[in-house]
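Trainee: I am attaching a structure below and will ask some questions about it afterwards.
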Amino acid sequence: MPRRRWYIDWAGRLLIRKLIAEKLKVPWNKIQLERTSKGKPVLANDLSSTDANFSFNISHQGNYTVLAAEPDCQVGIDVMKTSLPGSGSIPEFFRIMNRQFTEEEWRVITSMNNEWLQLDMFHRHWALKESFIKAIGVGIGFNLQRIEFNVSPVQLEVGKTYTETIMLLDGEEEKEWTFEETRLDDYHHVAVALGKRRGFDKKHVEVLTTDVIQPSFTELTFEDLVASAVPLAPEDPTCWDNFCSRQESPAGQSSNPR
C-alpha cells in the first residue's frame, strides 16, 4: 500500500477510536471494532441502551479523512475531490459514468458553464449518492439510478453547511432524509446523509425526520488524534523504518469513483 494511502487509512481508524473514547467513554484499548457483511465499520462493544444505536461513518479522498457520527440515527459520509480523469477527456469520462446518474442529474451537471465546473458538479452528486449508500449499508450493488438528487443551492460557499438538497427514491421525494453538504475548499465536497435507524427494504426507506443542528467540521492534526491514545500492542522499532521505506504516491495521483 502506498505511503499516502496507508497514512489516510490509519487517520480514519484513529478518528473512530478518538470519537468512541471521548463520546462513549469506552477506554481506547478496549474498543472493539467489526465490519458488517458490506464492509461498514461498527462498534462491537456492549453499550448502555442510550448509546446502543450510535452510528458513525468515515471517508477519505484527496487531502482529507472525514468522520460523521450521530446517536440513534443512520449516518453516511463521503468526501470527493474534484480532479481530472486519470486518462481520457472529461466528455469520455462522463460517457463511461453515464449509467450512474439520472437524466435530470446529467442535465444539471452538463448545464454548468465549463468542463471543470461540470466535473465539480459531477463529484458533488457522487458524494451525495455515496453518502446515502453508506448510510443504509447496502454496498456497491445498489442501482444508483434509483436515487436522484435535486441539488440546492447550485453554488456552495467554502466552510458553510447546506441542507436544502432533496433526494428522490424511485421517483418519490424522501422527506425523511436530510443531506448536509459542505465545501471544505475549492476542490473537496463532503456530503452527510442522515436518517432514522429502521433498516432498508428494496422499495422504501422507512425513517423519521431528525432534528438537524448546523454542524461544522473541526480540522484535527495527527497530534490531536493521538493525544489521548493508548498503545494497542508493544512498540515495534522496525515499524517506522518499514513505513518510511514505502513508496510515496505521486503527488498528482487520485482515485476516481467506481
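Chain labels run A, B, ... following the order of the C-alpha cells; each chain numbers its residues from 1, and ligands are numbered from 1 in the order shown.
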Please identify every residue of range 2-98 of chain A that has at least one atom no farther than 10 Å from an atom of range 219-237 of chain A, counting only C-alpha atoms, and for each give the shortest atom pair and the distance in Å to one decimal, arranged by chain then increasing number, as a Markdown table.

Mentor:
```
| residue | atom | partner | partner_atom | distance |
| --- | --- | --- | --- | --- |
| A:Ala11 | CA | A:Phe222 | CA | 7.6 |
| A:Gly12 | CA | A:Leu225 | CA | 9.8 |
| A:Arg13 | CA | A:Leu225 | CA | 9.8 |
| A:Leu14 | CA | A:Leu225 | CA | 6.1 |
| A:Leu15 | CA | A:Leu225 | CA | 6.5 |
| A:Ile16 | CA | A:Leu225 | CA | 9.7 |
| A:Arg17 | CA | A:Ala229 | CA | 8.4 |
| A:Lys18 | CA | A:Leu225 | CA | 6.6 |
| A:Leu19 | CA | A:Leu225 | CA | 9.6 |
| A:Ala21 | CA | A:Ser228 | CA | 8.9 |
| A:Glu22 | CA | A:Ser228 | CA | 9.3 |
| A:Pro27 | CA | A:Val230 | CA | 8.7 |
| A:Trp28 | CA | A:Val230 | CA | 6.0 |
| A:Asn29 | CA | A:Leu232 | CA | 5.8 |
| A:Lys30 | CA | A:Leu232 | CA | 9.0 |
| A:Tyr64 | CA | A:Glu219 | CA | 9.3 |
| A:Thr65 | CA | A:Glu219 | CA | 9.7 |
| A:Val66 | CA | A:Glu219 | CA | 9.1 |
```

Trainee: Go ahead and write the selection's residues with all heavy atoms as a compact mmCIF listing (two decimals), in the first residue's frame.

Mentor:
```
# COMPACT_ATOMS: atom_id res chain seq x y z
N ALA A 11 -5.45 7.31 9.62
CA ALA A 11 -6.09 8.51 10.15
C ALA A 11 -7.57 8.24 10.41
O ALA A 11 -8.12 8.68 11.43
CB ALA A 11 -5.92 9.67 9.18
N GLY A 12 -8.20 7.50 9.52
CA GLY A 12 -9.60 7.14 9.71
C GLY A 12 -9.80 6.27 10.94
O GLY A 12 -10.74 6.46 11.72
N ARG A 13 -8.91 5.31 11.15
CA ARG A 13 -9.02 4.44 12.32
C ARG A 13 -8.81 5.23 13.61
O ARG A 13 -9.50 5.00 14.62
CB ARG A 13 -7.99 3.31 12.22
CG ARG A 13 -8.16 2.43 11.00
CD ARG A 13 -7.19 1.27 11.02
NE ARG A 13 -7.15 0.59 9.73
CZ ARG A 13 -6.51 -0.55 9.52
NH1 ARG A 13 -5.86 -1.13 10.52
NH2 ARG A 13 -6.52 -1.11 8.33
N LEU A 14 -7.87 6.16 13.59
CA LEU A 14 -7.65 6.99 14.77
C LEU A 14 -8.84 7.89 15.07
O LEU A 14 -9.20 8.11 16.23
CB LEU A 14 -6.38 7.83 14.59
CG LEU A 14 -5.05 7.06 14.60
CD1 LEU A 14 -3.91 7.98 14.17
CD2 LEU A 14 -4.78 6.49 15.99
N LEU A 15 -9.46 8.43 14.00
CA LEU A 15 -10.65 9.26 14.19
C LEU A 15 -11.76 8.47 14.89
O LEU A 15 -12.42 8.98 15.80
CB LEU A 15 -11.14 9.77 12.84
CG LEU A 15 -10.55 11.06 12.28
CD1 LEU A 15 -11.01 11.29 10.85
CD2 LEU A 15 -10.91 12.25 13.16
N ILE A 16 -11.97 7.24 14.43
CA ILE A 16 -13.03 6.41 15.03
C ILE A 16 -12.75 6.16 16.50
O ILE A 16 -13.62 6.29 17.36
CB ILE A 16 -13.16 5.09 14.26
CG1 ILE A 16 -13.72 5.34 12.86
CG2 ILE A 16 -14.07 4.12 15.01
CD1 ILE A 16 -13.76 4.10 11.98
N ARG A 17 -11.51 5.79 16.82
CA ARG A 17 -11.17 5.49 18.21
C ARG A 17 -11.27 6.74 19.09
O ARG A 17 -11.73 6.67 20.23
CB ARG A 17 -9.78 4.87 18.29
CG ARG A 17 -9.74 3.45 17.78
CD ARG A 17 -8.40 2.76 17.98
NE ARG A 17 -8.48 1.37 17.58
CZ ARG A 17 -8.87 0.37 18.36
NH1 ARG A 17 -9.18 0.61 19.63
NH2 ARG A 17 -8.91 -0.87 17.91
N LYS A 18 -10.84 7.87 18.56
CA LYS A 18 -10.93 9.12 19.34
C LYS A 18 -12.40 9.44 19.62
O LYS A 18 -12.76 9.83 20.74
CB LYS A 18 -10.27 10.26 18.56
CG LYS A 18 -10.29 11.62 19.29
CD LYS A 18 -9.56 12.66 18.47
CE LYS A 18 -9.62 14.03 19.14
NZ LYS A 18 -8.88 14.07 20.42
N LEU A 19 -13.25 9.29 18.62
CA LEU A 19 -14.68 9.55 18.77
C LEU A 19 -15.28 8.66 19.86
O LEU A 19 -15.96 9.15 20.78
CB LEU A 19 -15.39 9.29 17.44
CG LEU A 19 -16.92 9.17 17.52
CD1 LEU A 19 -17.54 10.55 17.64
CD2 LEU A 19 -17.47 8.43 16.32
N ALA A 21 -13.83 6.88 22.24
CA ALA A 21 -13.25 7.08 23.57
C ALA A 21 -13.79 8.33 24.23
O ALA A 21 -14.10 8.33 25.44
CB ALA A 21 -11.73 7.15 23.46
N GLU A 22 -13.95 9.42 23.46
CA GLU A 22 -14.37 10.68 24.05
C GLU A 22 -15.88 10.81 24.20
O GLU A 22 -16.35 11.38 25.19
CB GLU A 22 -13.83 11.84 23.21
CG GLU A 22 -12.31 11.95 23.23
CD GLU A 22 -11.78 13.16 22.49
OE1 GLU A 22 -12.62 13.94 21.96
OE2 GLU A 22 -10.55 13.34 22.43
N PRO A 27 -12.77 2.93 26.99
CA PRO A 27 -11.31 3.08 27.00
C PRO A 27 -10.70 2.75 25.65
O PRO A 27 -11.11 1.81 24.98
CB PRO A 27 -10.87 2.07 28.08
CG PRO A 27 -12.06 1.94 28.97
CD PRO A 27 -13.26 2.06 28.07
N TRP A 28 -9.72 3.55 25.28
CA TRP A 28 -9.09 3.45 23.96
C TRP A 28 -8.69 2.01 23.61
O TRP A 28 -8.95 1.53 22.52
CB TRP A 28 -7.86 4.36 23.94
CG TRP A 28 -7.19 4.50 22.61
CD1 TRP A 28 -6.34 3.61 22.02
CD2 TRP A 28 -7.31 5.60 21.69
NE1 TRP A 28 -5.92 4.09 20.81
CE2 TRP A 28 -6.50 5.30 20.57
CE3 TRP A 28 -8.01 6.80 21.71
CZ2 TRP A 28 -6.37 6.16 19.50
CZ3 TRP A 28 -7.89 7.66 20.63
CH2 TRP A 28 -7.08 7.34 19.54
N ASN A 29 -8.06 1.32 24.57
CA ASN A 29 -7.56 -0.03 24.29
C ASN A 29 -8.59 -1.11 24.54
O ASN A 29 -8.28 -2.31 24.45
CB ASN A 29 -6.30 -0.31 25.13
CG ASN A 29 -6.54 -0.13 26.61
OD1 ASN A 29 -7.52 0.48 27.01
ND2 ASN A 29 -5.64 -0.65 27.43
N LYS A 30 -9.85 -0.70 24.83
CA LYS A 30 -10.93 -1.68 25.00
C LYS A 30 -11.93 -1.63 23.84
O LYS A 30 -12.90 -2.39 23.81
CB LYS A 30 -11.67 -1.42 26.32
CG LYS A 30 -10.81 -1.52 27.57
CD LYS A 30 -10.27 -2.93 27.78
CE LYS A 30 -9.47 -3.01 29.08
NZ LYS A 30 -8.91 -4.37 29.29
N TYR A 64 -8.19 14.89 2.59
CA TYR A 64 -8.96 14.81 3.82
C TYR A 64 -9.41 13.39 4.15
O TYR A 64 -9.73 12.59 3.26
CB TYR A 64 -10.22 15.68 3.73
CG TYR A 64 -9.94 17.16 3.65
CD1 TYR A 64 -9.82 17.80 2.41
CD2 TYR A 64 -9.80 17.93 4.80
CE1 TYR A 64 -9.56 19.16 2.34
CE2 TYR A 64 -9.56 19.29 4.74
CZ TYR A 64 -9.43 19.90 3.50
OH TYR A 64 -9.18 21.25 3.43
N THR A 65 -9.46 13.11 5.45
CA THR A 65 -10.20 11.98 6.01
C THR A 65 -11.28 12.60 6.89
O THR A 65 -11.00 13.44 7.73
CB THR A 65 -9.31 11.07 6.86
OG1 THR A 65 -8.28 10.51 6.04
CG2 THR A 65 -10.12 9.94 7.48
N VAL A 66 -12.55 12.21 6.68
CA VAL A 66 -13.66 12.85 7.38
C VAL A 66 -14.48 11.81 8.13
O VAL A 66 -14.54 10.64 7.74
CB VAL A 66 -14.57 13.64 6.41
CG1 VAL A 66 -13.82 14.83 5.82
CG2 VAL A 66 -15.08 12.74 5.29
```

Trainee: Excluding range 40-44 of chain A and its own-chain neighbours fewer than 3 positions away, which residues fall within 10 Å of it when counting only C-alpha atoms? Please give them as a VMD selection string.

Mentor: chain A and resid 13 16 to 17 20 31 to 37 47 52 to 58 76 134 to 139

Trainee: How many Å lie between CA of His189 in chain A and CA of Pro71 in chain A, rounded to one decimal?

Mentor: 23.8 Å

Trainee: So how far away is CA of Leu119 in chain A from CA of Lys38 in chain A, in Å?

Mentor: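 Result for CA of Lys38 in chain A versus CA of Leu119 in chain A: 28.6 Å, one decimal.
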
Trainee: Enumerate, as a VMD selection string, the complete set of residues in range 10-152 of chain A that a backbone-based DSSP assignment places in strand (DSSP E).

Mentor: chain A and resid 33 to 35 41 to 43 55 to 61 64 to 70 74 to 81 147 to 150

Trainee: Just the residues within 7 Å of Ile109 in chain A, please, counting only C-alpha atoms, with nothing from its chain fewer than 6 positions along; format it as number ranges by chain.

Mentor: A: 118, 121-122

Trainee: Quick one: residues within 12 Å of Tyr187 in chain A, only C-alpha atoms counted, chain neighbours fewer than 5 positions away excluded, as a short mmCIF file (atom, residue, chain, number, x, y, z; two decimals) with all heavy atoms, in the first residue's frame?

Mentor:
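File produced: result.cif:
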```
data_model
loop_
_atom_site.label_atom_id
_atom_site.label_comp_id
_atom_site.auth_asym_id
_atom_site.auth_seq_id
_atom_site.Cartn_x
_atom_site.Cartn_y
_atom_site.Cartn_z
N GLN A 61 -10.53 10.87 0.79
CA GLN A 61 -10.04 11.07 -0.58
C GLN A 61 -9.33 12.41 -0.64
O GLN A 61 -9.63 13.32 0.15
CB GLN A 61 -11.16 11.04 -1.62
CG GLN A 61 -10.58 10.90 -3.05
CD GLN A 61 -11.62 11.05 -4.14
OE1 GLN A 61 -12.38 12.00 -4.14
NE2 GLN A 61 -11.64 10.13 -5.08
N GLY A 62 -8.39 12.53 -1.55
CA GLY A 62 -7.68 13.79 -1.69
C GLY A 62 -6.90 14.11 -0.44
O GLY A 62 -6.15 13.29 0.08
N ASN A 63 -7.11 15.31 0.09
CA ASN A 63 -6.35 15.80 1.24
C ASN A 63 -7.03 15.56 2.58
O ASN A 63 -6.52 16.01 3.61
CB ASN A 63 -6.09 17.30 1.08
CG ASN A 63 -5.30 17.61 -0.17
OD1 ASN A 63 -4.55 16.78 -0.67
ND2 ASN A 63 -5.47 18.82 -0.69
N TYR A 64 -8.19 14.89 2.59
CA TYR A 64 -8.96 14.81 3.82
C TYR A 64 -9.41 13.39 4.15
O TYR A 64 -9.73 12.59 3.26
CB TYR A 64 -10.22 15.68 3.73
CG TYR A 64 -9.94 17.16 3.65
CD1 TYR A 64 -9.82 17.80 2.41
CD2 TYR A 64 -9.80 17.93 4.80
CE1 TYR A 64 -9.56 19.16 2.34
CE2 TYR A 64 -9.56 19.29 4.74
CZ TYR A 64 -9.43 19.90 3.50
OH TYR A 64 -9.18 21.25 3.43
N VAL A 79 -16.50 12.09 1.06
CA VAL A 79 -15.75 13.25 0.60
C VAL A 79 -15.21 12.94 -0.78
O VAL A 79 -14.70 11.84 -1.03
CB VAL A 79 -14.59 13.60 1.58
CG1 VAL A 79 -13.64 12.44 1.79
CG2 VAL A 79 -13.83 14.85 1.08
N MET A 80 -15.36 13.88 -1.69
CA MET A 80 -14.88 13.71 -3.05
C MET A 80 -14.01 14.91 -3.43
O MET A 80 -14.37 16.06 -3.16
CB MET A 80 -16.04 13.61 -4.04
CG MET A 80 -16.82 12.31 -3.97
SD MET A 80 -15.81 10.84 -4.33
CE MET A 80 -15.22 11.23 -5.96
N LYS A 81 -12.89 14.62 -4.05
CA LYS A 81 -12.02 15.68 -4.56
C LYS A 81 -12.23 15.82 -6.06
O LYS A 81 -12.15 14.86 -6.81
CB LYS A 81 -10.54 15.35 -4.29
CG LYS A 81 -9.59 16.41 -4.84
CD LYS A 81 -8.14 16.04 -4.59
CE LYS A 81 -7.20 17.12 -5.16
NZ LYS A 81 -5.77 16.78 -4.95
N THR A 82 -12.52 17.05 -6.49
CA THR A 82 -12.66 17.31 -7.91
C THR A 82 -11.28 17.29 -8.55
O THR A 82 -10.41 18.08 -8.20
CB THR A 82 -13.33 18.67 -8.16
OG1 THR A 82 -14.63 18.68 -7.57
CG2 THR A 82 -13.46 18.95 -9.66
N SER A 83 -11.08 16.34 -9.46
CA SER A 83 -9.79 16.21 -10.14
C SER A 83 -10.04 15.68 -11.54
O SER A 83 -11.08 15.05 -11.81
CB SER A 83 -8.85 15.26 -9.37
OG SER A 83 -9.46 13.99 -9.20
N LEU A 84 -9.11 15.93 -12.42
CA LEU A 84 -9.25 15.49 -13.81
C LEU A 84 -9.20 13.97 -13.88
O LEU A 84 -8.53 13.32 -13.07
CB LEU A 84 -8.14 16.10 -14.67
CG LEU A 84 -8.18 17.62 -14.84
CD1 LEU A 84 -6.92 18.10 -15.55
CD2 LEU A 84 -9.42 18.05 -15.61
N TRP A 116 -14.72 22.13 -16.28
CA TRP A 116 -14.25 21.98 -14.91
C TRP A 116 -15.41 22.09 -13.92
O TRP A 116 -15.50 21.30 -12.98
CB TRP A 116 -13.19 23.02 -14.58
CG TRP A 116 -12.73 22.91 -13.15
CD1 TRP A 116 -13.09 23.69 -12.10
CD2 TRP A 116 -11.84 21.91 -12.60
NE1 TRP A 116 -12.50 23.25 -10.93
CE2 TRP A 116 -11.74 22.17 -11.22
CE3 TRP A 116 -11.15 20.84 -13.16
CZ2 TRP A 116 -10.95 21.38 -10.37
CZ3 TRP A 116 -10.37 20.05 -12.32
CH2 TRP A 116 -10.27 20.33 -10.95
N LEU A 117 -16.32 23.06 -14.14
CA LEU A 117 -17.48 23.20 -13.26
C LEU A 117 -18.41 22.00 -13.41
O LEU A 117 -19.05 21.58 -12.43
CB LEU A 117 -18.22 24.50 -13.58
CG LEU A 117 -17.48 25.79 -13.24
CD1 LEU A 117 -18.32 27.01 -13.65
CD2 LEU A 117 -17.14 25.86 -11.76
N LEU A 119 -17.37 18.95 -14.05
CA LEU A 119 -16.70 17.89 -13.30
C LEU A 119 -16.90 18.09 -11.80
O LEU A 119 -17.11 17.12 -11.05
CB LEU A 119 -15.21 17.89 -13.65
CG LEU A 119 -14.38 16.69 -13.16
CD1 LEU A 119 -14.85 15.40 -13.82
CD2 LEU A 119 -12.89 16.93 -13.44
N ASP A 120 -16.86 19.35 -11.36
CA ASP A 120 -17.07 19.66 -9.95
C ASP A 120 -18.49 19.27 -9.52
O ASP A 120 -18.69 18.68 -8.45
CB ASP A 120 -16.84 21.15 -9.72
CG ASP A 120 -16.80 21.52 -8.24
OD1 ASP A 120 -15.89 21.03 -7.54
OD2 ASP A 120 -17.66 22.28 -7.80
N MET A 121 -19.48 19.57 -10.35
CA MET A 121 -20.87 19.21 -10.05
C MET A 121 -21.05 17.70 -10.07
O MET A 121 -21.82 17.14 -9.28
CB MET A 121 -21.82 19.89 -11.03
CG MET A 121 -23.29 19.65 -10.74
SD MET A 121 -23.82 20.27 -9.12
CE MET A 121 -23.95 22.03 -9.48
N HIS A 123 -18.80 15.48 -9.13
CA HIS A 123 -18.28 14.96 -7.88
C HIS A 123 -19.19 15.33 -6.69
O HIS A 123 -19.28 14.56 -5.72
CB HIS A 123 -16.86 15.46 -7.64
CG HIS A 123 -15.84 14.76 -8.49
ND1 HIS A 123 -15.38 15.29 -9.67
CD2 HIS A 123 -15.23 13.56 -8.34
CE1 HIS A 123 -14.50 14.45 -10.21
NE2 HIS A 123 -14.40 13.39 -9.42
N ARG A 124 -19.85 16.45 -6.77
CA ARG A 124 -20.82 16.80 -5.73
C ARG A 124 -21.96 15.78 -5.71
O ARG A 124 -22.35 15.29 -4.64
CB ARG A 124 -21.35 18.21 -5.97
CG ARG A 124 -22.42 18.63 -4.96
CD ARG A 124 -22.93 20.03 -5.25
NE ARG A 124 -24.05 20.37 -4.38
CZ ARG A 124 -24.73 21.51 -4.47
NH1 ARG A 124 -24.40 22.42 -5.39
NH2 ARG A 124 -25.76 21.74 -3.65
N LEU A 156 -21.97 26.47 -3.71
CA LEU A 156 -21.73 26.30 -2.28
C LEU A 156 -20.51 27.12 -1.87
O LEU A 156 -19.47 27.05 -2.51
CB LEU A 156 -21.47 24.82 -1.95
CG LEU A 156 -22.55 23.81 -2.36
CD1 LEU A 156 -22.12 22.41 -1.95
CD2 LEU A 156 -23.90 24.16 -1.75
N GLU A 157 -20.66 27.88 -0.80
CA GLU A 157 -19.52 28.64 -0.28
C GLU A 157 -18.66 27.75 0.61
O GLU A 157 -19.17 26.90 1.35
CB GLU A 157 -20.02 29.85 0.53
CG GLU A 157 -20.70 30.91 -0.29
CD GLU A 157 -21.04 32.13 0.55
OE1 GLU A 157 -20.24 32.46 1.47
OE2 GLU A 157 -22.10 32.73 0.31
N VAL A 158 -17.36 27.95 0.55
CA VAL A 158 -16.43 27.17 1.36
C VAL A 158 -16.72 27.41 2.84
O VAL A 158 -16.90 28.55 3.29
CB VAL A 158 -14.97 27.55 1.04
CG1 VAL A 158 -14.00 26.89 2.01
CG2 VAL A 158 -14.62 27.17 -0.39
N THR A 182 -21.11 20.29 2.55
CA THR A 182 -20.09 21.26 2.91
C THR A 182 -18.97 21.22 1.88
O THR A 182 -18.53 20.15 1.48
CB THR A 182 -19.48 20.95 4.30
OG1 THR A 182 -20.52 20.85 5.26
CG2 THR A 182 -18.49 22.03 4.71
#
```

Trainee: Counting only C-alpha atoms, what is within 10 Å of Pro153 in chain A, bar same-chain residues fewer than 2 positions away, as a PyMOL selection string?

Mentor: chain A and resi 150-151+155-157+162-165
